[in-house]
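Coordinates as given in entry_2.txt (compact mmCIF, C-alpha atoms):
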# COMPACT_ATOMS: atom_id res chain seq x y z
CA MET A 1 30.91 7.99 18.35
CA GLU A 2 28.16 8.09 20.91
CA ALA A 3 28.56 6.28 24.19
CA GLY A 4 27.61 2.65 24.15
CA ASP A 5 25.59 0.74 26.69
CA ILE A 6 26.91 0.79 30.23
CA GLY A 7 27.68 -2.59 31.70
CA GLY A 8 25.34 -4.39 29.34
CA GLN A 9 22.24 -2.78 30.81
CA ARG A 10 19.01 -2.74 28.91
CA GLU A 11 18.79 -0.01 26.33
CA PRO A 12 17.39 3.23 27.71
CA LEU A 13 14.61 3.13 25.12
CA THR A 14 12.88 0.42 27.09
CA GLU A 15 12.53 2.83 30.02
CA PRO A 16 9.16 4.53 29.91
CA ASN A 17 10.50 8.04 30.56
CA THR A 18 12.82 8.04 27.62
CA LEU A 19 10.09 6.71 25.41
CA THR A 20 7.64 9.43 26.43
CA GLU A 21 10.24 12.10 25.77
CA ALA A 22 11.01 10.73 22.36
CA VAL A 23 7.34 10.68 21.47
CA THR A 24 6.61 14.22 22.61
CA GLU A 25 9.46 15.49 20.44
CA LYS A 26 7.60 14.19 17.41
CA LYS A 27 6.05 16.58 14.99
CA GLU A 28 2.32 16.69 14.57
CA LEU A 29 0.92 14.54 11.82
CA LYS A 30 -0.41 17.64 10.10
CA GLU A 31 3.08 19.15 9.86
CA ILE A 32 4.58 15.94 8.54
CA ILE A 33 1.94 15.68 5.85
CA SER A 34 2.20 19.28 4.70
CA ALA A 35 6.01 19.00 4.59
CA LYS A 36 5.75 15.80 2.55
CA LYS A 37 3.29 17.39 0.17
CA GLU A 38 5.55 20.33 -0.63
CA LYS A 39 6.83 20.11 -4.16
CA ASP A 40 10.23 18.50 -4.10
CA ALA A 41 12.27 19.93 -6.96
CA THR A 42 15.28 17.64 -6.46
CA LYS A 43 16.20 15.39 -9.33
CA VAL A 44 17.10 11.74 -9.51
CA ILE A 45 19.42 10.44 -12.22
CA VAL A 46 17.87 7.48 -13.96
CA GLN A 47 20.11 5.15 -15.90
CA PHE A 48 18.29 3.21 -18.60
CA ARG A 49 19.58 -0.22 -19.59
CA ALA A 50 18.04 -2.14 -22.47
CA ILE A 51 17.50 -5.89 -22.11
CA GLY A 52 17.07 -8.44 -24.88
CA ASN A 53 16.19 -6.89 -28.20
CA ALA A 54 14.79 -3.66 -26.77
CA PRO A 55 16.10 -0.64 -28.70
CA ILE A 56 19.14 1.00 -27.11
CA LEU A 57 19.02 4.70 -26.25
CA LYS A 58 21.85 6.96 -27.44
CA GLN A 59 21.70 8.81 -24.17
CA LYS A 60 21.27 6.61 -21.13
CA LEU A 61 21.23 9.03 -18.20
CA PHE A 62 18.32 11.35 -17.56
CA LYS A 63 17.39 13.60 -14.68
CA ILE A 64 13.84 13.10 -13.46
CA THR A 65 12.00 15.08 -10.78
CA ALA A 66 12.13 13.02 -7.58
CA SER A 67 8.55 13.72 -6.49
CA GLN A 68 7.11 12.19 -9.66
CA LYS A 69 5.64 8.72 -9.80
CA PHE A 70 7.25 5.77 -11.51
CA GLN A 71 4.69 5.92 -14.31
CA ALA A 72 6.39 9.16 -15.38
CA VAL A 73 9.53 7.11 -16.12
CA ASN A 74 7.49 4.76 -18.26
CA LEU A 75 5.88 7.65 -20.19
CA PHE A 76 9.23 9.37 -20.63
CA LEU A 77 10.91 6.23 -21.95
CA ARG A 78 8.04 5.60 -24.37
CA LYS A 79 8.53 9.08 -25.74
CA GLU A 80 12.28 8.55 -26.12
CA LEU A 81 11.74 5.22 -27.87
CA ASN A 82 8.79 6.50 -29.87
CA TYR A 83 6.59 3.73 -28.48
CA ALA A 84 2.81 3.92 -28.59
CA PRO A 85 0.93 3.30 -25.32
CA SER A 86 -0.32 0.00 -26.76
CA GLU A 87 3.18 -1.37 -27.41
CA ALA A 88 4.56 -3.68 -24.73
CA LEU A 89 7.28 -2.18 -22.57
CA PHE A 90 8.38 -3.61 -19.23
CA LEU A 91 10.37 -1.63 -16.70
CA TYR A 92 12.38 -3.03 -13.79
CA ILE A 93 14.59 -1.67 -11.04
CA ASN A 94 18.02 -3.29 -10.58
CA SER A 95 17.03 -6.22 -12.83
CA ALA A 96 14.89 -7.35 -9.93
CA PHE A 97 11.32 -6.06 -9.72
CA ALA A 98 8.75 -3.88 -11.45
CA PRO A 99 7.47 -1.15 -9.12
CA ALA A 100 3.80 -0.18 -9.17
CA PRO A 101 3.16 2.90 -11.35
CA ASP A 102 2.26 5.03 -8.32
CA GLU A 103 5.51 4.45 -6.44
CA ILE A 104 7.44 7.67 -5.95
CA ILE A 105 10.79 8.04 -7.69
CA SER A 106 12.52 9.57 -4.65
CA ASN A 107 11.45 6.56 -2.53
CA LEU A 108 12.73 4.13 -5.14
CA TYR A 109 16.00 6.02 -5.36
CA LYS A 110 16.45 6.17 -1.59
CA SER A 111 15.70 2.47 -1.21
CA PHE A 112 17.28 1.01 -4.35
CA GLY A 113 19.59 3.62 -5.87
CA THR A 114 23.17 2.55 -6.57
CA GLU A 115 26.20 4.78 -7.15
CA GLY A 116 24.11 7.87 -7.62
CA PHE A 117 21.71 6.33 -10.14
CA LEU A 118 18.38 4.63 -10.16
CA VAL A 119 18.96 1.77 -12.60
CA VAL A 120 15.93 1.10 -14.77
CA ASN A 121 16.04 -1.94 -17.07
CA TYR A 122 13.57 -2.10 -19.91
CA CYS A 123 12.51 -4.75 -22.37
CA THR A 124 9.71 -5.61 -24.74
CA THR A 125 8.86 -8.97 -23.17
CA ALA A 126 8.46 -9.71 -19.45
CA ALA A 127 11.87 -10.54 -17.99
CA TRP A 128 11.60 -10.93 -14.24
CA GLY A 129 8.17 -12.35 -13.32
CA MET B 1 10.14 -16.13 15.54
CA SER B 2 6.73 -15.71 17.05
CA THR B 3 3.97 -15.39 14.50
CA SER B 4 1.29 -14.22 16.93
CA VAL B 5 1.42 -10.56 15.89
CA SER B 6 1.38 -11.39 12.20
CA LYS B 7 -1.45 -13.79 12.83
CA SER B 8 -3.52 -11.17 14.68
CA VAL B 9 -2.95 -8.60 11.93
CA TRP B 10 -3.93 -11.19 9.36
CA ALA B 11 -7.09 -12.06 11.29
CA GLY B 12 -8.33 -8.45 11.28
CA ARG B 13 -11.64 -7.95 9.48
CA ILE B 14 -13.76 -4.98 8.46
CA PRO B 15 -17.54 -5.03 8.14
CA LEU B 16 -18.48 -3.24 4.93
CA ALA B 17 -21.86 -1.72 4.08
CA ILE B 18 -21.95 -1.27 0.33
CA SER B 19 -24.64 0.89 -1.24
CA ILE B 20 -25.53 2.23 -4.66
CA ASP B 21 -27.03 5.58 -5.67
CA GLY B 22 -30.69 5.36 -6.66
CA SER B 23 -30.10 7.08 -9.99
CA GLU B 24 -27.37 4.63 -10.90
CA ALA B 25 -29.49 1.65 -9.89
CA GLN B 26 -32.27 2.94 -12.17
CA HIS B 27 -29.80 3.49 -14.98
CA PHE B 28 -29.07 -0.24 -14.81
CA GLY B 29 -32.75 -1.15 -14.81
CA ALA B 30 -33.62 -1.50 -11.13
CA VAL B 31 -37.14 -0.47 -10.15
CA ASN B 32 -36.25 0.23 -6.52
CA THR B 33 -32.89 1.14 -5.07
CA PRO B 34 -31.43 -2.06 -3.62
CA SER B 35 -30.70 -1.99 0.10
CA SER B 36 -27.11 -2.06 1.32
CA ILE B 37 -25.00 -5.17 1.01
CA PHE B 38 -23.13 -6.21 4.12
CA ILE B 39 -19.84 -8.06 3.76
CA GLU B 40 -17.22 -8.81 6.35
CA ALA B 41 -13.90 -8.62 4.55
CA SER B 42 -10.38 -9.41 5.60
CA ARG B 43 -8.15 -6.37 6.21
CA THR B 44 -5.46 -7.96 4.09
CA SER B 45 -7.84 -8.44 1.16
CA TYR B 46 -8.47 -6.13 -1.78
CA LEU B 47 -11.62 -4.58 -3.25
CA ILE B 48 -10.70 -6.09 -6.59
CA LEU B 49 -11.26 -9.51 -5.03
CA LEU B 50 -14.83 -8.55 -4.13
CA THR B 51 -15.99 -6.96 -7.38
CA GLU B 52 -17.39 -10.09 -9.02
CA GLU B 53 -19.31 -11.13 -5.92
CA ILE B 54 -20.75 -7.64 -5.55
CA ARG B 55 -21.72 -7.47 -9.22
CA ASP B 56 -23.53 -10.80 -8.86
CA LEU B 57 -25.38 -9.60 -5.76
CA TYR B 58 -26.58 -6.48 -7.60
CA ARG B 59 -27.61 -8.58 -10.55
CA ALA B 60 -29.68 -10.68 -8.18
CA ALA B 61 -31.19 -7.41 -6.90
CA GLY B 62 -32.45 -6.62 -10.40
CA LEU B 63 -29.67 -4.64 -12.06
CA THR B 64 -28.66 -5.51 -15.60
CA LEU B 65 -24.89 -5.35 -15.44
CA PRO B 66 -22.20 -6.19 -18.01
CA ASP B 67 -19.98 -9.26 -17.54
CA SER B 68 -16.85 -7.16 -17.56
CA THR B 69 -15.84 -5.78 -14.18
CA ALA B 70 -13.62 -3.12 -15.79
CA GLU B 71 -16.01 -0.26 -14.94
CA ILE B 72 -16.67 -1.21 -11.32
CA TRP B 73 -15.21 1.06 -8.67
CA PHE B 74 -15.81 2.06 -5.08
CA GLU B 75 -15.96 5.36 -3.29
CA TYR B 76 -15.90 6.63 0.28
CA GLN B 77 -17.24 10.17 0.84
CA GLY B 78 -16.35 11.22 -2.67
CA LYS B 79 -12.92 9.59 -2.73
CA PRO B 80 -12.35 6.78 -5.23
CA LEU B 81 -10.87 3.76 -3.43
CA LYS B 82 -7.63 2.32 -4.78
CA TRP B 83 -8.19 -1.29 -5.76
CA HIS B 84 -4.47 -2.08 -5.38
CA TYR B 85 -4.35 -1.09 -1.68
CA PRO B 86 -5.34 -3.62 1.00
CA LEU B 87 -8.76 -2.89 2.50
CA GLY B 88 -7.36 -2.40 5.99
CA LEU B 89 -4.94 0.19 4.69
CA LEU B 90 -7.69 2.09 2.87
CA TYR B 91 -9.87 2.08 5.95
CA ASP B 92 -7.07 3.28 8.20
CA ILE B 93 -5.87 6.15 6.03
CA LEU B 94 -9.39 7.35 5.32
CA CYS B 95 -11.24 6.73 8.58
CA ILE B 96 -8.82 6.63 11.44
CA SER B 97 -6.73 9.68 12.01
CA GLU B 98 -5.28 11.55 14.90
CA PRO B 99 -7.51 14.07 16.67
CA SER B 100 -5.19 16.80 15.34
CA TYR B 101 -5.98 15.69 11.85
CA ARG B 102 -9.64 14.78 11.93
CA GLN B 103 -11.37 16.10 8.87
CA MET B 104 -14.46 13.99 8.63
CA GLU B 105 -17.15 13.44 11.22
CA ASP B 106 -17.55 9.86 10.20
CA THR B 107 -14.35 8.48 11.72
CA LYS B 108 -14.04 4.92 12.93
CA SER B 109 -17.26 4.14 11.18
CA ILE B 110 -18.39 0.56 11.59
CA PRO B 111 -19.66 -0.83 9.32
CA TRP B 112 -17.65 1.07 6.78
CA ASN B 113 -20.13 2.74 4.44
CA ILE B 114 -18.80 2.71 0.93
CA LYS B 115 -20.50 3.16 -2.41
CA VAL B 116 -20.21 1.02 -5.48
CA HIS B 117 -20.36 2.39 -9.03
CA PHE B 118 -20.81 0.46 -12.23
CA GLN B 119 -20.01 3.29 -14.64
CA ASN B 120 -17.92 6.47 -15.08
CA TYR B 121 -14.68 4.82 -13.93
CA PRO B 122 -12.46 7.62 -12.54
CA ALA B 123 -9.38 6.81 -14.62
CA ALA B 124 -7.66 9.99 -13.42
CA HIS B 125 -7.58 8.59 -9.88
CA LEU B 126 -7.47 4.83 -10.29
CA PHE B 127 -5.34 2.61 -12.52
CA ARG B 128 -7.22 1.50 -15.58
CA ASP B 129 -5.98 -2.07 -15.77
CA GLN B 130 -7.83 -3.22 -12.68
CA SER B 131 -7.77 -6.97 -12.26
CA ALA B 132 -6.84 -9.53 -9.66
CA ALA B 133 -3.86 -10.45 -11.87
CA THR B 134 -2.49 -6.90 -11.75
CA ALA B 135 -3.12 -6.68 -8.01
CA LYS B 136 -1.11 -9.90 -7.68
CA ASP B 137 1.74 -8.40 -9.75
CA PHE B 138 1.85 -5.33 -7.49
CA PHE B 139 1.76 -7.55 -4.43
CA MET B 140 4.61 -9.74 -5.68
CA SER B 141 6.61 -6.67 -6.60
CA MET B 142 6.20 -5.44 -3.02
CA ILE B 143 7.44 -8.82 -1.72
CA LYS B 144 10.47 -8.53 -4.01
CA GLU B 145 11.19 -4.96 -2.91
CA ALA B 146 11.15 -6.15 0.69
CA ASP B 147 13.50 -9.02 -0.20
CA PHE B 148 15.87 -6.58 -1.93
CA LEU B 149 15.90 -4.28 1.09
CA ARG B 150 16.60 -7.15 3.48
CA TYR B 151 19.28 -8.98 1.51
CA GLY B 152 20.40 -6.78 -1.39
CA SER B 153 18.84 -9.02 -4.05
CA THR B 154 15.58 -10.77 -4.82
CA LYS B 155 17.21 -14.18 -4.66
CA ARG B 156 15.04 -15.52 -1.86
CA VAL B 157 11.84 -14.80 -3.77
CA MET B 158 13.28 -15.96 -7.10
CA ASN B 159 14.44 -19.21 -5.50
CA LEU B 160 10.85 -20.01 -4.57
CA SER B 161 9.11 -22.28 -7.04
CA LYS B 162 6.38 -20.71 -9.18
CA SER B 163 3.74 -22.52 -7.15
CA ASP B 164 5.22 -21.32 -3.85
CA GLN B 165 5.24 -17.76 -5.19
CA SER B 166 1.59 -18.10 -6.17
CA GLN B 167 0.78 -19.58 -2.79
CA LEU B 168 1.65 -16.24 -1.14
CA TRP B 169 -1.04 -14.44 -3.11
CA GLU B 170 -3.55 -17.26 -3.19
CA SER B 171 -3.44 -17.81 0.55
CA LEU B 172 -4.05 -14.09 0.94
CA CYS B 173 -7.10 -14.39 -1.33
CA SER B 174 -8.42 -17.35 0.66
CA ASN B 175 -7.38 -15.80 4.01
CA ASP B 176 -5.34 -18.86 4.93
CA PHE B 177 -2.62 -17.69 7.30
CA ASP B 178 -0.86 -21.04 7.75
CA SER B 179 -0.53 -21.52 4.02
CA PHE B 180 0.83 -17.98 3.63
CA TRP B 181 3.28 -18.33 6.49
CA LYS B 182 4.67 -21.61 5.21
CA VAL B 183 6.15 -19.72 2.27
CA ASN B 184 6.65 -16.35 3.94
CA GLN B 185 8.86 -17.79 6.68
CA ARG B 186 11.41 -18.63 4.00
CA LEU B 187 11.64 -14.93 3.11
CA ILE B 188 12.05 -13.41 6.54
CA PRO B 189 15.11 -13.61 8.80
CA VAL B 190 15.25 -16.33 11.44
CA ASP B 191 16.07 -15.55 15.06
CA ASP B 192 18.99 -13.10 15.34
CA GLN B 193 19.93 -13.15 11.67
CA VAL B 194 20.83 -9.59 10.67
CA VAL B 195 19.31 -8.01 7.60
CA ARG B 196 20.68 -5.03 5.68
CA HIS B 197 17.52 -2.99 5.92
CA ILE B 198 14.06 -3.36 7.36
CA PRO B 199 11.39 -3.00 4.69
CA LEU B 200 9.02 -0.28 5.84
CA ARG B 201 6.49 1.81 4.03
CA LEU B 202 4.47 4.51 5.72
CA TYR B 203 1.08 5.57 4.41
CA LEU B 204 -0.42 8.75 5.83
CA PRO B 205 -3.90 10.25 5.34
CA ASP B 206 -4.92 13.12 3.07
CA ASP B 207 -3.19 11.83 -0.08
CA CYS B 208 0.21 12.29 1.51
CA PRO B 209 3.02 10.84 -0.62
CA VAL B 210 4.02 7.42 0.68
CA ILE B 211 7.17 7.43 2.81
CA GLN B 212 9.77 4.76 2.15
CA ASP B 213 13.48 4.80 2.89
CA ARG B 214 16.31 2.51 3.90
CA VAL B 215 15.82 1.59 7.54
CA SER B 216 18.82 0.10 9.26
CA PRO B 217 18.16 -2.59 11.88
CA ARG B 218 20.61 -0.73 14.17
CA THR B 219 20.91 2.93 15.10
CA GLU B 220 24.19 4.78 14.59
CA ALA B 221 24.98 4.08 18.23
CA GLY B 222 24.68 0.38 17.50
CA LYS B 223 21.42 -0.18 19.30
CA ALA B 224 18.39 -1.98 17.97
CA ASN B 225 16.33 0.45 15.91
CA THR B 226 12.78 1.13 17.04
CA SER B 227 9.74 2.74 15.48
CA VAL B 228 10.30 5.78 17.72
CA HIS B 229 13.54 6.47 15.85
CA VAL B 230 12.31 5.59 12.43
CA LEU B 231 8.98 7.36 12.22
CA PRO B 232 9.06 11.03 11.16
Could you show the structure in this file as structure tokens?
Amino acid sequence: MEAGDIGGQREPLTEPNTLTEAVTEKKELKEIISAKKEKDATKVIVQFRAIGNAPILKQKLFKITASQKFQAVNLFLRKELNYAPSEALFLYINSAFAPAPDEIISNLYKSFGTEGFLVVNYCTTAAWG
Amino acid sequence: MSTSVSKSVWAGRIPLAISIDGSEAQHFGAVNTPSSIFIEASRTSYLILLTEEIRDLYRAAGLTLPDSTAEIWFEYQGKPLKWHYPLGLLYDILCISEPSYRQMEDTKSIPWNIKVHFQNYPAAHLFRDQSAATAKDFFMSMIKEADFLRYGSTKRVMNLSKSDQSQLWESLCSNDFDSFWKVNQRLIPVDDQVVRHIPLRLYLPDDCPVIQDRVSPRTEAGKANTSVHVLP
């Protein structure tokens, strides 16, 4: 454990010196961007759960490259289900929301992953507005 | 909770200067290239909410354009502009960058000079199903993600009536802060109420992947978290 506040004083972060130090330690934007752009080969385990009368997959867990976008999950599932692009297929995370197709799988996993999986529910009619 | 910061952000506007290439104007039957169209748009608004108005203005300028807006897209210095990003976000990631990262001469350009196109939709760069309805879906999904991060479920959003849910988007379209806040205040924590995580998404320039992670309201040492700690 790190030391707590002394005698209920204001947090050191509100002191200008500390703040300046913290800021100068920051990496340059250029470095951050090039690090973020490096291909991330880590995988995220996606667990597919069918809702309603959507066809059930024999295998439910799949590893997907974390740097891919959510639309890759949609395309992958369509392939597994043998669904044409024109057929309706709705995907949700945690039975709660449908991410935009350009959201990144690693971000979704970091924010919404549970017990080592990213739970993706799928159905053929819209389920959660 | 004070709404003054939210209100100021909401009140931000960007003057746009929209132009069309001469060859494209001719393709759609114009004799002369129409002069630029100037629009002052809200930073929280979306290009998709402007497309019909812009099409009508170019029609009035002599272009014969189809009723469908499916082929309309915008570009800034060769980059197609995402219709599902708020205008203020697009402007910031494309025009304002640190001195260490300045790539274009034309930074902080006011008015913002963007080009409109009525053909050759760049489907490799922009989602095909562009519509205000889809933009609303993405927006609502973002609201639900934020709810999930704060409270571990989307109950607060789902407990809103359909009309209250719509009011969030519609007040954004009509730039009505009070109407937006009336609903939004039911989604955000009051006073010292502690949330699980702070919803935060970081967009950087140069097509950098968006950064999003769980952000705890407190640091490991138990202090209030600040942007200095959270930002990379």
Item to complete: With a distance threshold of 10 Å and counting only C-alpha atoms, extract the residues of chain B near chain A and express them as a PyMOL selection string.
Response: chain B and resi 84+97-102+126-127+134-135+137-149+152-155+158+162+197+199+201+204-215+220-226+228-229+231-232
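CA of Pro111 in chain B sits 11.8 Å away from CA of Ser19 in chain B.
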Practice prompt. Tell me which of B:Arg186, B:Lys136, B:Lys115, B:Arg218 sits closest to Ser36 in chain B, counting all atoms listed in the file.
Written response: B:Lys115
Practice prompt. Within 10 Å of Leu81 in chain A, counting all atoms listed in the file, which residues show up once you throw out same-chain ones fewer than 3 positions away? Write them as a ChimeraX atom specification, please.
Written response: /A:54-57,75-78,84
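A straight line drawn from CA of Phe180 in chain B to CA of Ile39 in chain B is 22.9 Å long.
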Worksheet, complete the sentence: Judged by all atoms listed in the file, the minimum distance to Ser131 in chain B among B:Leu49, B:Leu16, B:Ile37, B:Ala30 is found for B:Leu49
Response to the item:
From CA of Gly22 in chain B to CA of Leu50 in chain B the spacing works out at 21.2 Å
Discussion item. Counting only C-alpha atoms, which residue out of B:Tyr85, B:Phe177, B:Phe118, B:Trp112 sits closest to Ala17 in chain B?
Written reply: B:Trp112
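Look at Leu81 in chain B: the protein and nucleic acid residues within 10 Å of it, using only C-alpha atoms and passing over chain neighbours fewer than 6 places away, are Leu47, Trp73, Phe74, Glu75, Leu87, Leu90, Tyr91, Leu94, Ile114, Lys115, Val116, His125 and Leu126 of chain B.
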